[in-house]
file input_35.txt (compact mmCIF, C-alpha atoms)
# COMPACT_ATOMS: atom_id res chain seq x y z
CA MET B 17 0.00 0.00 0.00
CA ALA B 18 1.45 3.39 -1.03
CA ARG B 19 1.94 5.97 1.71
CA GLN B 20 -0.82 8.57 1.88
CA ASP B 21 0.67 11.02 4.41
CA TYR B 22 4.16 12.36 3.71
CA LEU B 23 6.36 15.33 2.72
CA PHE B 24 7.62 15.63 -0.85
CA THR B 25 9.87 18.20 -2.51
CA SER B 26 10.69 19.24 -6.08
CA GLU B 27 12.95 21.96 -7.45
CA SER B 28 13.08 24.09 -10.58
CA VAL B 29 15.71 26.35 -12.11
CA SER B 30 15.21 29.41 -14.30
CA GLU B 31 16.16 30.07 -17.90
CA GLY B 32 19.24 31.87 -16.58
CA HIS B 33 20.62 28.89 -14.66
CA PRO B 34 23.90 27.87 -16.37
CA ASP B 35 22.69 24.36 -17.23
CA LYS B 36 19.46 25.79 -18.65
CA VAL B 37 21.44 28.33 -20.69
CA SER B 38 23.26 25.35 -22.18
CA ASP B 39 20.00 23.48 -22.81
CA GLN B 40 18.46 26.47 -24.57
CA ILE B 41 21.49 26.99 -26.76
CA SER B 42 21.51 23.30 -27.73
CA ASP B 43 17.82 23.43 -28.61
CA ALA B 44 18.27 26.68 -30.53
CA ILE B 45 20.75 24.74 -32.67
CA VAL B 46 18.24 21.88 -33.09
CA ASP B 47 15.62 24.39 -34.22
CA LEU B 48 18.04 26.06 -36.62
CA PHE B 49 18.90 22.80 -38.36
CA LEU B 50 15.33 21.48 -38.44
CA SER B 51 14.22 24.75 -40.02
CA LYS B 52 16.67 24.00 -42.85
CA ASP B 53 16.08 20.24 -43.09
CA PRO B 54 13.22 18.47 -41.26
CA GLU B 55 15.21 15.22 -41.49
CA ALA B 56 18.36 16.72 -39.95
CA ARG B 57 20.22 14.70 -37.37
CA ILE B 58 21.51 16.65 -34.40
CA GLY B 59 23.28 15.77 -31.19
CA CYS B 60 24.48 19.12 -29.84
CA GLU B 61 26.10 19.54 -26.42
CA THR B 62 26.86 22.98 -25.01
CA LEU B 63 29.36 24.11 -22.38
CA THR B 64 28.95 27.55 -20.85
CA THR B 65 31.35 29.25 -18.47
CA THR B 66 32.78 32.72 -17.89
CA GLN B 67 32.51 34.57 -21.23
CA LEU B 68 32.65 31.30 -23.20
CA VAL B 69 30.24 29.04 -25.10
CA VAL B 70 31.48 25.81 -26.70
CA LEU B 71 29.40 23.56 -28.96
CA ALA B 72 30.31 19.90 -29.47
CA GLY B 73 28.52 16.99 -31.06
CA GLU B 74 27.38 15.44 -34.33
CA ILE B 75 25.14 16.70 -37.11
CA ARG B 76 23.89 15.93 -40.58
CA CYS B 77 21.83 18.56 -42.36
CA LYS B 78 21.14 19.00 -46.05
CA GLY B 79 22.29 22.33 -47.37
CA VAL B 80 24.09 23.18 -44.13
CA TYR B 81 26.62 20.47 -43.30
CA GLU B 82 27.23 17.65 -45.77
CA ASN B 83 30.25 15.46 -46.44
CA GLY B 84 32.18 17.19 -43.70
CA GLU B 85 31.78 20.66 -45.20
CA TRP B 86 29.88 23.70 -43.96
CA ALA B 87 27.74 25.63 -46.44
CA PRO B 88 28.70 29.29 -46.88
CA GLY B 89 27.35 31.37 -44.02
CA ALA B 90 26.27 28.34 -41.96
CA GLN B 91 28.72 28.85 -39.13
CA ALA B 92 27.78 32.53 -38.89
CA GLU B 93 24.12 31.49 -38.52
CA ILE B 94 25.03 29.09 -35.75
CA GLU B 95 26.96 31.77 -33.89
CA ALA B 96 24.07 34.22 -34.31
CA ALA B 97 21.63 31.64 -32.88
CA VAL B 98 23.89 31.19 -29.85
CA ARG B 99 24.33 34.90 -29.17
CA ASN B 100 20.63 35.65 -29.70
CA THR B 101 19.68 32.94 -27.22
CA VAL B 102 21.98 34.38 -24.56
CA ARG B 103 20.70 37.90 -25.29
CA GLU B 104 17.05 36.86 -25.01
CA ILE B 105 17.70 35.20 -21.66
CA GLY B 106 19.09 38.54 -20.51
CA TYR B 107 22.82 38.13 -19.99
CA GLU B 108 24.69 41.40 -20.34
CA GLN B 109 27.03 40.98 -17.38
CA ASP B 110 30.78 41.40 -16.99
CA GLY B 111 31.20 37.65 -16.57
CA PHE B 112 28.76 36.57 -19.29
CA HIS B 113 27.60 38.88 -22.08
CA TRP B 114 25.90 37.80 -25.29
CA GLU B 115 27.96 40.18 -27.41
CA LYS B 116 31.36 39.80 -25.72
CA LEU B 117 31.55 36.06 -25.04
CA GLU B 118 33.97 33.83 -26.94
CA PHE B 119 32.27 31.24 -29.16
CA ILE B 120 33.79 27.92 -30.25
CA ASN B 121 32.04 25.51 -32.63
CA ARG B 122 33.21 21.89 -32.54
CA LEU B 123 30.19 20.26 -34.20
CA HIS B 124 31.14 17.58 -36.71
CA ALA B 125 29.59 14.89 -38.91
CA GLN B 126 27.33 12.22 -37.45
CA SER B 127 28.93 8.80 -37.19
CA ALA B 128 28.19 6.70 -40.27
CA HIS B 129 27.86 3.66 -38.02
CA ILE B 130 25.09 5.32 -36.03
CA ALA B 131 23.42 6.61 -39.16
CA GLN B 132 23.23 3.16 -40.75
CA GLY B 133 21.23 1.86 -37.81
CA VAL B 134 18.80 4.75 -37.79
CA ASP B 135 18.24 5.40 -41.50
CA ALA B 136 15.39 3.64 -43.24
CA SER B 137 16.24 1.37 -46.17
CA SER B 138 14.51 -0.94 -48.62
CA ASN B 139 14.53 -3.79 -46.10
CA LYS B 140 13.98 -2.02 -42.79
CA ASP B 141 12.05 0.81 -41.19
CA GLU B 142 13.86 3.72 -39.60
CA GLY B 143 15.37 2.56 -36.31
CA ALA B 144 15.64 4.18 -32.91
CA GLY B 145 18.61 6.53 -32.52
CA ASP B 146 19.79 4.78 -29.38
CA GLN B 147 18.89 2.11 -26.87
CA GLY B 148 17.29 3.08 -23.61
CA ILE B 149 14.25 3.27 -21.38
CA MET B 150 11.89 6.24 -21.28
CA PHE B 151 9.18 7.14 -18.79
CA GLY B 152 6.04 9.22 -18.92
CA PHE B 153 3.90 10.28 -15.97
CA ALA B 154 0.70 12.10 -15.10
CA CYS B 155 -1.35 12.62 -11.95
CA ASP B 156 -4.41 14.60 -10.95
CA GLU B 157 -2.68 16.93 -8.45
CA THR B 158 -2.82 20.00 -10.75
CA PRO B 159 -4.88 21.20 -13.75
CA ASP B 160 -2.02 20.27 -16.09
CA LEU B 161 -1.86 16.77 -14.57
CA MET B 162 1.62 17.30 -13.15
CA PRO B 163 3.11 16.71 -9.68
CA ALA B 164 2.15 19.70 -7.56
CA THR B 165 5.60 20.27 -6.06
CA LEU B 166 7.22 20.67 -9.49
CA TYR B 167 4.26 22.54 -10.97
CA TYR B 168 4.47 25.29 -8.33
CA SER B 169 8.28 25.39 -8.45
CA HIS B 170 8.10 26.09 -12.19
CA LYS B 171 5.31 28.67 -11.84
CA ILE B 172 7.24 30.72 -9.29
CA LEU B 173 10.21 31.05 -11.63
CA GLU B 174 8.09 31.69 -14.72
CA GLN B 175 6.43 34.64 -12.99
CA MET B 176 9.73 36.03 -11.75
CA ALA B 177 11.19 35.78 -15.28
CA ALA B 178 8.16 37.53 -16.74
CA ASP B 179 8.55 40.36 -14.22
CA ARG B 180 12.27 40.62 -14.95
CA HIS B 181 11.72 40.84 -18.70
CA SER B 182 8.87 43.35 -18.38
CA GLY B 183 10.82 45.59 -16.02
CA ALA B 184 8.38 45.05 -13.15
CA ALA B 185 11.22 43.59 -11.06
CA PRO B 186 14.38 45.36 -12.30
CA PHE B 187 16.42 44.13 -9.32
CA LEU B 188 16.27 40.53 -10.58
CA GLU B 189 19.01 38.94 -12.66
CA PRO B 190 18.55 35.80 -14.80
CA ASP B 191 19.86 32.99 -12.54
CA THR B 192 17.19 31.74 -10.12
CA LYS B 193 16.23 28.50 -8.36
CA SER B 194 13.11 27.43 -6.49
CA GLN B 195 12.10 24.49 -4.34
CA VAL B 196 8.70 23.59 -2.93
CA THR B 197 7.95 21.10 -0.14
CA LEU B 198 4.34 20.02 0.31
CA ARG B 199 2.70 17.92 2.98
CA PHE B 200 0.43 15.30 1.47
CA LYS B 201 -2.57 13.97 3.38
CA ASP B 202 -4.60 11.08 2.03
CA GLY B 203 -2.38 11.33 -1.06
CA LYS B 204 -3.37 14.94 -1.86
CA PRO B 205 -1.45 18.22 -1.35
CA ALA B 206 -2.53 19.63 2.01
CA ALA B 207 0.04 22.29 3.00
CA ALA B 208 3.22 24.00 1.85
CA THR B 209 5.73 23.43 4.64
CA ALA B 210 8.84 25.00 3.06
CA ILE B 211 9.57 27.15 0.02
CA VAL B 212 13.07 28.05 -1.16
CA VAL B 213 13.86 30.76 -3.72
CA SER B 214 17.41 31.83 -4.53
CA SER B 215 17.60 34.65 -7.05
CA GLN B 216 20.54 36.44 -8.57
CA HIS B 217 20.05 40.13 -7.87
CA ALA B 218 21.36 43.60 -8.62
CA PRO B 219 24.03 45.06 -6.31
CA GLY B 220 22.76 46.10 -2.89
CA TYR B 221 19.76 43.79 -2.70
CA ASP B 222 21.37 41.65 -0.02
CA GLU B 223 20.98 44.02 2.91
CA GLY B 224 18.72 46.63 4.46
CA ALA B 225 15.64 48.04 2.77
CA LYS B 226 16.57 46.65 -0.65
CA GLU B 227 16.87 43.13 0.71
CA ALA B 228 13.48 43.55 2.38
CA GLU B 229 12.03 44.71 -0.96
CA LEU B 230 13.38 41.59 -2.71
CA HIS B 231 12.04 39.29 0.00
CA ALA B 232 8.61 40.94 -0.05
CA TYR B 233 8.48 40.65 -3.83
CA VAL B 234 9.34 36.93 -3.78
CA LYS B 235 6.69 36.23 -1.14
CA LYS B 236 4.14 38.10 -3.25
CA VAL B 237 4.98 35.94 -6.26
CA ILE B 238 4.70 32.78 -4.18
CA ALA B 239 1.28 33.88 -2.90
CA SER B 240 0.12 34.52 -6.46
CA VAL B 241 1.16 31.04 -7.58
CA ILE B 242 0.47 28.66 -4.72
CA PRO B 243 -3.18 28.28 -3.65
CA ALA B 244 -3.97 30.20 -0.47
CA GLU B 245 -5.24 27.10 1.29
CA LEU B 246 -1.75 25.55 1.06
CA LEU B 247 -0.03 28.55 2.67
CA SER B 248 -0.16 29.38 6.37
CA ASP B 249 1.83 30.85 9.25
CA GLU B 250 3.51 27.44 9.44
CA THR B 251 5.03 27.80 5.95
CA VAL B 252 8.78 28.38 6.19
CA TYR B 253 10.38 30.66 3.58
CA HIS B 254 14.06 30.52 2.66
CA ILE B 255 14.78 33.45 0.32
CA ASN B 256 18.40 33.80 -0.79
CA PRO B 257 19.47 31.82 2.28
CA THR B 258 23.19 32.16 1.51
CA GLY B 259 23.00 35.96 1.56
CA SER B 260 24.48 37.69 -1.51
CA PHE B 261 23.80 36.29 -4.95
CA GLU B 262 25.24 38.81 -7.41
CA ILE B 263 27.58 36.48 -9.32
CA GLY B 264 25.49 33.90 -11.13
CA GLY B 265 24.83 32.17 -14.41
CA PRO B 266 27.76 30.66 -16.31
CA ASP B 267 30.12 33.10 -14.61
CA GLY B 268 29.22 31.65 -11.21
CA ASP B 269 29.05 27.99 -12.22
CA ALA B 270 29.77 26.24 -15.51
CA GLY B 271 26.73 24.93 -17.38
CA LEU B 272 26.30 21.76 -19.44
CA THR B 273 23.48 20.44 -21.57
CA GLY B 274 21.40 17.70 -19.98
CA ARG B 275 22.18 18.16 -16.29
CA LYS B 276 18.64 19.07 -15.20
CA ILE B 277 16.74 15.96 -16.28
CA ILE B 278 14.58 15.81 -13.13
CA VAL B 279 13.65 19.48 -13.44
CA ASP B 280 12.82 18.81 -17.09
CA THR B 281 10.46 15.94 -16.28
CA TYR B 282 8.52 15.21 -13.07
CA GLY B 283 10.53 16.61 -10.18
CA GLY B 284 11.42 13.19 -8.83
CA ALA B 285 7.80 12.04 -8.57
CA ALA B 286 8.32 9.44 -11.32
CA PRO B 287 11.17 7.25 -12.58
CA HIS B 288 13.63 8.58 -15.16
CA GLY B 289 15.46 6.54 -17.78
CA GLY B 290 18.56 8.75 -17.60
CA GLY B 291 18.53 10.30 -21.07
CA ALA B 292 18.43 14.08 -21.48
CA PHE B 293 16.30 15.85 -24.11
CA SER B 294 17.88 19.10 -25.23
CA GLY B 295 20.19 19.18 -28.22
CA LYS B 296 18.67 16.05 -29.79
CA ASP B 297 16.59 15.69 -32.93
CA PRO B 298 13.46 13.52 -32.60
CA THR B 299 15.03 10.35 -34.03
CA LYS B 300 16.64 10.17 -30.60
CA VAL B 301 14.09 8.24 -28.54
CA ASP B 302 15.51 9.76 -25.36
CA ARG B 303 13.42 12.71 -26.45
CA SER B 304 10.60 11.50 -28.69
CA ALA B 305 9.71 8.38 -26.70
CA ALA B 306 9.68 10.39 -23.47
CA TYR B 307 7.24 12.75 -25.15
CA ILE B 308 4.91 9.99 -26.34
CA SER B 309 5.09 8.37 -22.89
CA ARG B 310 3.93 11.61 -21.27
CA TYR B 311 1.22 11.92 -23.93
CA LEU B 312 -0.08 8.44 -23.16
CA ALA B 313 0.04 8.88 -19.38
CA LYS B 314 -1.68 12.27 -19.55
CA ASN B 315 -4.47 10.98 -21.77
CA ILE B 316 -5.01 7.97 -19.50
CA VAL B 317 -5.49 10.26 -16.49
CA ALA B 318 -7.51 12.81 -18.46
CA ALA B 319 -9.80 9.99 -19.64
CA GLY B 320 -10.58 9.10 -16.03
CA LEU B 321 -8.91 5.71 -16.36
CA ALA B 322 -6.59 6.48 -13.43
CA LYS B 323 -5.63 9.22 -10.99
CA ARG B 324 -1.93 8.48 -11.42
CA CYS B 325 -0.12 6.76 -14.26
CA THR B 326 3.45 5.81 -15.15
CA ILE B 327 4.37 4.59 -18.64
CA GLN B 328 7.67 2.92 -19.59
CA LEU B 329 8.91 2.30 -23.14
CA ALA B 330 12.16 0.59 -24.11
CA TYR B 331 14.09 0.67 -27.40
CA ALA B 332 17.18 -0.81 -29.07
CA ILE B 333 19.35 1.23 -31.42
CA GLY B 334 18.50 0.58 -35.03
CA ILE B 335 15.25 -1.25 -34.18
CA ALA B 336 11.97 0.47 -35.00
CA LYS B 337 9.43 -1.05 -32.64
CA PRO B 338 9.66 -0.65 -28.87
CA LEU B 339 10.89 -3.68 -26.99
CA SER B 340 8.33 -3.22 -24.23
CA LEU B 341 5.42 -1.13 -23.03
CA TYR B 342 4.58 -0.99 -19.32
CA VAL B 343 1.62 0.75 -17.67
CA ASP B 344 1.33 1.28 -13.92
CA THR B 345 -1.65 3.16 -12.51
CA HIS B 346 -0.42 2.71 -8.92
CA GLY B 347 -3.64 1.11 -7.78
CA THR B 348 -5.75 4.06 -8.96
CA GLY B 349 -6.93 2.58 -12.26
CA THR B 350 -10.58 2.03 -13.13
CA VAL B 351 -9.57 -0.83 -15.45
CA ASP B 352 -6.74 -3.33 -15.35
CA ASP B 353 -3.27 -2.03 -16.28
CA ALA B 354 -2.79 -4.89 -18.73
CA ALA B 355 -6.00 -3.89 -20.48
CA ILE B 356 -4.69 -0.34 -20.91
CA GLU B 357 -1.46 -1.73 -22.39
CA ALA B 358 -3.46 -3.81 -24.86
CA ALA B 359 -5.66 -0.81 -25.74
CA ILE B 360 -2.65 1.36 -26.54
CA GLY B 361 -1.44 -1.30 -28.97
CA LYS B 362 -4.74 -1.11 -30.85
CA ILE B 363 -4.56 2.62 -31.62
CA ASP B 364 -3.31 2.85 -35.21
CA LYS B 365 -2.61 6.59 -35.17
CA LEU B 366 0.28 5.97 -32.77
CA GLY B 367 2.16 4.20 -35.56
CA GLY B 368 3.25 1.34 -33.32
CA MET B 369 5.26 3.91 -31.33
CA THR B 370 8.16 3.56 -33.73
CA PRO B 371 10.40 6.62 -33.97
CA ARG B 372 8.77 7.58 -37.28
CA GLY B 373 5.28 6.88 -35.91
CA ILE B 374 5.90 9.08 -32.87
CA ARG B 375 7.30 11.95 -34.93
CA THR B 376 4.45 11.79 -37.40
CA HIS B 377 1.68 11.72 -34.80
CA LEU B 378 3.17 14.44 -32.61
CA GLY B 379 4.63 16.53 -35.46
CA LEU B 380 8.14 16.56 -34.03
CA ASN B 381 10.20 17.29 -37.18
CA LYS B 382 9.79 21.03 -36.69
CA PRO B 383 11.75 23.84 -34.99
CA ILE B 384 9.74 23.66 -31.74
CA TYR B 385 12.35 22.86 -29.12
CA ARG B 386 13.86 26.08 -27.76
CA LYS B 387 10.62 26.69 -25.81
CA THR B 388 10.94 23.32 -24.08
CA ALA B 389 14.37 24.01 -22.64
CA ALA B 390 13.29 26.01 -19.57
CA TYR B 391 10.45 25.50 -17.07
CA GLY B 392 9.88 21.87 -17.98
CA HIS B 393 9.08 19.85 -21.06
CA PHE B 394 5.78 18.71 -19.55
CA GLY B 395 2.76 20.42 -18.05
CA ARG B 396 2.95 23.14 -20.72
CA LYS B 397 0.13 24.48 -22.90
CA ALA B 398 -0.27 22.80 -26.28
CA GLU B 399 -0.47 25.65 -28.79
CA GLY B 400 -0.16 25.15 -32.53
CA ASP B 401 2.92 23.04 -33.23
CA PHE B 402 4.29 23.49 -29.72
CA PHE B 403 3.98 20.91 -26.92
CA SER B 404 1.82 18.57 -28.99
CA TRP B 405 2.46 15.80 -26.43
CA GLU B 406 0.37 17.80 -23.94
CA ARG B 407 -2.81 17.43 -26.01
CA THR B 408 -5.57 15.27 -24.58
CA ASP B 409 -6.93 14.15 -27.94
CA LEU B 410 -6.45 10.41 -27.37
CA ILE B 411 -9.24 10.02 -24.83
CA ASP B 412 -11.88 8.74 -27.25
CA ASP B 413 -9.40 6.36 -28.88
CA LEU B 414 -8.46 4.86 -25.51
CA LYS B 415 -12.09 4.40 -24.49
CA ALA B 416 -12.96 2.84 -27.85
CA ALA B 417 -10.02 0.44 -27.64
CA LEU B 418 -11.11 -0.59 -24.14
CA ALA B 419 -14.74 -1.12 -25.09

call {"tool": "encode", "arguments": {"input": "input_35.txt", "output": "structure tokens"}}
result
Amino acid sequence: MARQDYLFTSESVSEGHPDKVSDQISDAIVDLFLSKDPEARIGCETLTTTQLVVLAGEIRCKGVYENGEWAPGAQAEIEAAVRNTVREIGYEQDGFHWEKLEFINRLHAQSAHIAQGVDASSNKDEGAGDQGIMFGFACDETPDLMPATLYYSHKILEQMAADRHSGAAPFLEPDTKSQVTLRFKDGKPAAATAIVVSSQHAPGYDEGAKEAELHAYVKKVIASVIPAELLSDETVYHINPTGSFEIGGPDGDAGLTGRKIIVDTYGGAAPHGGGAFSGKDPTKVDRSAAYISRYLAKNIVAAGLAKRCTIQLAYAIGIAKPLSLYVDTHGTGTVDDAAIEAAIGKIDKLGGMTPRGIRTHLGLNKPIYRKTAAYGHFGRKAEGDFFSWERTDLIDDLKAALA
């Protein structure tokens, strides 16, 4: 029997966190290449540190990088995408400035031995870009069917970023972290026991009246995000608990792509297969299969088939069909988990959950990824081509397959 009364905590980090800067740059490169060639292959890793951005990884893109040669102007476009990303985040600091930073590009051709396993041919379908296990999750704790602790951690930082960009909070700088601890009673969020927010700030906002202004602002944001019934005099606030936080971002701590995989997914409330998302084109099942897993779990909960659902998929490099599908509704299901697994297999529009089938159904061969690289890949609003895996348009198909 699962515990019903407990404390649980999740964290989030802002778009200005050094690892998230790296993620956004990597996904800006993915978007750039997919805008040129929807079948482009990209595996782009980014290192950020004091006044330096380095790209490394493997690509293949028609008209941009073929046979080991860059097309004229291609490298300038890549550099512009990097600098624009840093500028849009808001870094114009002595230690990290979009215009002044040094840029190094070490992207090179995709391995032919990897490509031969992934590419479709006359005798095989397109294979998965790597082996691995991927998880999707949904629960009924929030309107977006996400774990409440992560949901509120993200929302705090999204509001602070919006205020920073609009000028409503000019004392904020880009690098910020949040953490929310909730007490659960009977399996539902009952109270916020501790909230942590650490925000990079302008000089002087670590003492006296300016520090009080910053603290009051953060508490106001928290109160606007977290339902009033979860907050009380018992809630403990830790705002910039180390004191000064003027040096931040890549100048304060080096950033790397793919180091915030729990922030990107479910805040620790669900298993994780270990593969990061950013910098990867959708042939990489680390990304695309995690998206379809979330899509399935969310639709199962939205359909009223469960209050909580975990999905696992597994793949082998070069093999199209998943090796396994696992559904766990944690004892909350209205039908048997095995029946849900069988129903998923009957839904033709999913394309057998092959890499091509996933990309086709979710429309993943498009420049849609930069937006995913901060504030979570899941629990976002499906709008147009963006966040298609958050749609709840599979409900009728699931019910029909179960009938």

call {"tool": "residues_around", "arguments": {"input": "input_35.txt", "residues": "Val213 (chain B)", "least_positions_apart": "3", "cutoff": "10 Å", "atoms": "all atoms listed in the file", "output": "ChimeraX atom specification"}}
result
/B:27-29,169,172-173,192-196,231,234-235,238,253-257

call {"tool": "write_last_selection", "arguments": {"input": "input_35.txt", "atoms": "C-alpha atoms", "output": "PDB file, in the coordinates of the input"}}
result
ATOM      1  CA  GLU B  27      12.950  21.960  -7.450  1.00  0.00           C
ATOM      2  CA  SER B  28      13.080  24.090 -10.580  1.00  0.00           C
ATOM      3  CA  VAL B  29      15.710  26.350 -12.110  1.00  0.00           C
ATOM      4  CA  SER B 169       8.280  25.390  -8.450  1.00  0.00           C
ATOM      5  CA  ILE B 172       7.240  30.720  -9.290  1.00  0.00           C
ATOM      6  CA  LEU B 173      10.210  31.050 -11.630  1.00  0.00           C
ATOM      7  CA  THR B 192      17.190  31.740 -10.120  1.00  0.00           C
ATOM      8  CA  LYS B 193      16.230  28.500  -8.360  1.00  0.00           C
ATOM      9  CA  SER B 194      13.110  27.430  -6.490  1.00  0.00           C
ATOM     10  CA  GLN B 195      12.100  24.490  -4.340  1.00  0.00           C
ATOM     11  CA  VAL B 196       8.700  23.590  -2.930  1.00  0.00           C
ATOM     12  CA  HIS B 231      12.040  39.290   0.000  1.00  0.00           C
ATOM     13  CA  VAL B 234       9.340  36.930  -3.780  1.00  0.00           C
ATOM     14  CA  LYS B 235       6.690  36.230  -1.140  1.00  0.00           C
ATOM     15  CA  ILE B 238       4.700  32.780  -4.180  1.00  0.00           C
ATOM     16  CA  TYR B 253      10.380  30.660   3.580  1.00  0.00           C
ATOM     17  CA  HIS B 254      14.060  30.520   2.660  1.00  0.00           C
ATOM     18  CA  ILE B 255      14.780  33.450   0.320  1.00  0.00           C
ATOM     19  CA  ASN B 256      18.400  33.800  -0.790  1.00  0.00           C
ATOM     20  CA  PRO B 257      19.470  31.820   2.280  1.00  0.00           C
TER      21      PRO B 257
END

call {"tool": "residues_around", "arguments": {"input": "input_35.txt", "residues": "Ser294 (chain B)", "least_positions_apart": "6", "cutoff": "8 Å", "atoms": "all atoms listed in the file", "output": "list of chain:residue names"}}
result
B:Asp39, B:Gln40, B:Ser42, B:Asp43, B:Thr273, B:Gly274, B:Arg303, B:Tyr385, B:Ala389

call {"tool": "atom_distance", "arguments": {"input": "input_35.txt", "atom1": "CA of Ile45 (chain B)", "atom2": "CA of Gly79 (chain B)"}}
result
15.0 Å

call {"tool": "closest_residue", "arguments": {"input": "input_35.txt", "among": "B:Gln109, B:Asn121, B:Thr165, B:Asn100", "to": "Thr25 (chain B)", "atoms": "only C-alpha atoms"}}
result
B:Thr165

call {"tool": "closest_residue", "arguments": {"input": "input_35.txt", "among": "B:Asn381, B:Gly368, B:Ile149, B:Asp280", "to": "Gln328 (chain B)", "atoms": "all atoms listed in the file"}}
result
B:Ile149

call {"tool": "residues_near_point", "arguments": {"input": "input_35.txt", "point": "(26.0, 27.9, -19.3)", "cutoff": "6 Å", "atoms": "all atoms listed in the file", "output": "list in words"}}
result
Pro34, Asp35, Val37, Ser38, Leu63, Thr64, Thr65, Pro266, Ala270 and Gly271 of chain B

call {"tool": "residues_around", "arguments": {"input": "input_35.txt", "residues": "region 396-402 of chain B", "least_positions_apart": "3", "cutoff": "9 Å", "atoms": "all atoms listed in the file", "output": "PyMOL selection string"}}
result
chain B and resi 160+378-380+382+384-385+387-388+391-393+405-407

call {"tool": "residues_near_point", "arguments": {"input": "input_35.txt", "point": "(-0.4, 22.1, 5.0)", "cutoff": "12 Å", "atoms": "all atoms listed in the file", "output": "VMD selection string"}}
result
chain B and resid 21 to 24 197 to 201 204 to 210 242 to 252

call {"tool": "atom_distance", "arguments": {"input": "input_35.txt", "atom1": "CA of Ser340 (chain B)", "atom2": "CA of Met369 (chain B)"}}
result
10.5 Å

call {"tool": "closest_residue", "arguments": {"input": "input_35.txt", "among": "B:Glu262, B:Asp179, B:Glu227, B:Asp302", "to": "Ile277 (chain B)", "atoms": "all atoms listed in the file"}}
result
B:Asp302

call {"tool": "atom_distance", "arguments": {"input": "input_35.txt", "atom1": "CA of Thr350 (chain B)", "atom2": "CA of Lys323 (chain B)"}}
result
9.0 Å

call {"tool": "residues_around", "arguments": {"input": "input_35.txt", "residues": "Gln126 (chain B)", "least_positions_apart": "2", "cutoff": "7 Å", "atoms": "only C-alpha atoms", "output": "number ranges by chain"}}
result
B: 74-76, 124, 128

call {"tool": "residues_around", "arguments": {"input": "input_35.txt", "residues": "Pro54 (chain B)", "least_positions_apart": "5", "cutoff": "10 Å", "atoms": "all atoms listed in the file", "output": "ChimeraX atom specification"}}
result
/B:47,49,77-78,297-298,380-383

call {"tool": "closest_residue", "arguments": {"input": "input_35.txt", "among": "B:Arg180, B:Tyr167, B:Gly111, B:Ala417", "to": "Cys155 (chain B)", "atoms": "only C-alpha atoms"}}
result
B:Tyr167

call {"tool": "closest_residue", "arguments": {"input": "input_35.txt", "among": "B:Gly291, B:Gly143, B:Gly106, B:Gly320", "to": "Leu188 (chain B)", "atoms": "all atoms listed in the file"}}
result
B:Gly106

call {"tool": "closest_residue", "arguments": {"input": "input_35.txt", "among": "B:Ser304, B:Ser26, B:Thr376, B:Gln20", "to": "Met162 (chain B)", "atoms": "only C-alpha atoms"}}
result
B:Ser26

call {"tool": "build_atoms", "arguments": {"input": "input_35.txt", "residues": "region 339-349 of chain B", "atoms": "N, CA and C atoms", "output": "PDB file, in the frame of the given file"}}
result
ATOM      1  N   LEU B 339      10.705  -2.343 -27.533  1.00  0.00           N
ATOM      2  CA  LEU B 339      10.890  -3.680 -26.990  1.00  0.00           C
ATOM      3  C   LEU B 339       9.835  -4.012 -25.945  1.00  0.00           C
ATOM      4  N   SER B 340       9.333  -2.987 -25.268  1.00  0.00           N
ATOM      5  CA  SER B 340       8.330  -3.220 -24.230  1.00  0.00           C
ATOM      6  C   SER B 340       7.523  -1.968 -23.987  1.00  0.00           C
ATOM      7  N   LEU B 341       6.304  -2.187 -23.504  1.00  0.00           N
ATOM      8  CA  LEU B 341       5.420  -1.130 -23.030  1.00  0.00           C
ATOM      9  C   LEU B 341       4.896  -1.566 -21.672  1.00  0.00           C
ATOM     10  N   TYR B 342       5.012  -0.679 -20.680  1.00  0.00           N
ATOM     11  CA  TYR B 342       4.580  -0.990 -19.320  1.00  0.00           C
ATOM     12  C   TYR B 342       3.696   0.132 -18.818  1.00  0.00           C
ATOM     13  N   VAL B 343       2.545  -0.219 -18.247  1.00  0.00           N
ATOM     14  CA  VAL B 343       1.620   0.750 -17.670  1.00  0.00           C
ATOM     15  C   VAL B 343       1.437   0.421 -16.195  1.00  0.00           C
ATOM     16  N   ASP B 344       1.554   1.435 -15.351  1.00  0.00           N
ATOM     17  CA  ASP B 344       1.330   1.280 -13.920  1.00  0.00           C
ATOM     18  C   ASP B 344       0.453   2.426 -13.446  1.00  0.00           C
ATOM     19  N   THR B 345      -0.754   2.119 -13.018  1.00  0.00           N
ATOM     20  CA  THR B 345      -1.650   3.160 -12.510  1.00  0.00           C
ATOM     21  C   THR B 345      -1.635   3.229 -10.979  1.00  0.00           C
ATOM     22  N   HIS B 346      -0.687   2.572 -10.361  1.00  0.00           N
ATOM     23  CA  HIS B 346      -0.420   2.710  -8.920  1.00  0.00           C
ATOM     24  C   HIS B 346      -1.663   2.420  -8.077  1.00  0.00           C
ATOM     25  N   GLY B 347      -2.448   1.478  -8.530  1.00  0.00           N
ATOM     26  CA  GLY B 347      -3.640   1.110  -7.780  1.00  0.00           C
ATOM     27  C   GLY B 347      -4.801   2.068  -7.912  1.00  0.00           C
ATOM     28  N   THR B 348      -4.693   3.053  -8.788  1.00  0.00           N
ATOM     29  CA  THR B 348      -5.750   4.060  -8.960  1.00  0.00           C
ATOM     30  C   THR B 348      -6.579   3.824 -10.217  1.00  0.00           C
ATOM     31  N   GLY B 349      -6.271   2.801 -10.974  1.00  0.00           N
ATOM     32  CA  GLY B 349      -6.930   2.580 -12.260  1.00  0.00           C
ATOM     33  C   GLY B 349      -8.367   2.109 -12.113  1.00  0.00           C
TER      34      GLY B 349
END
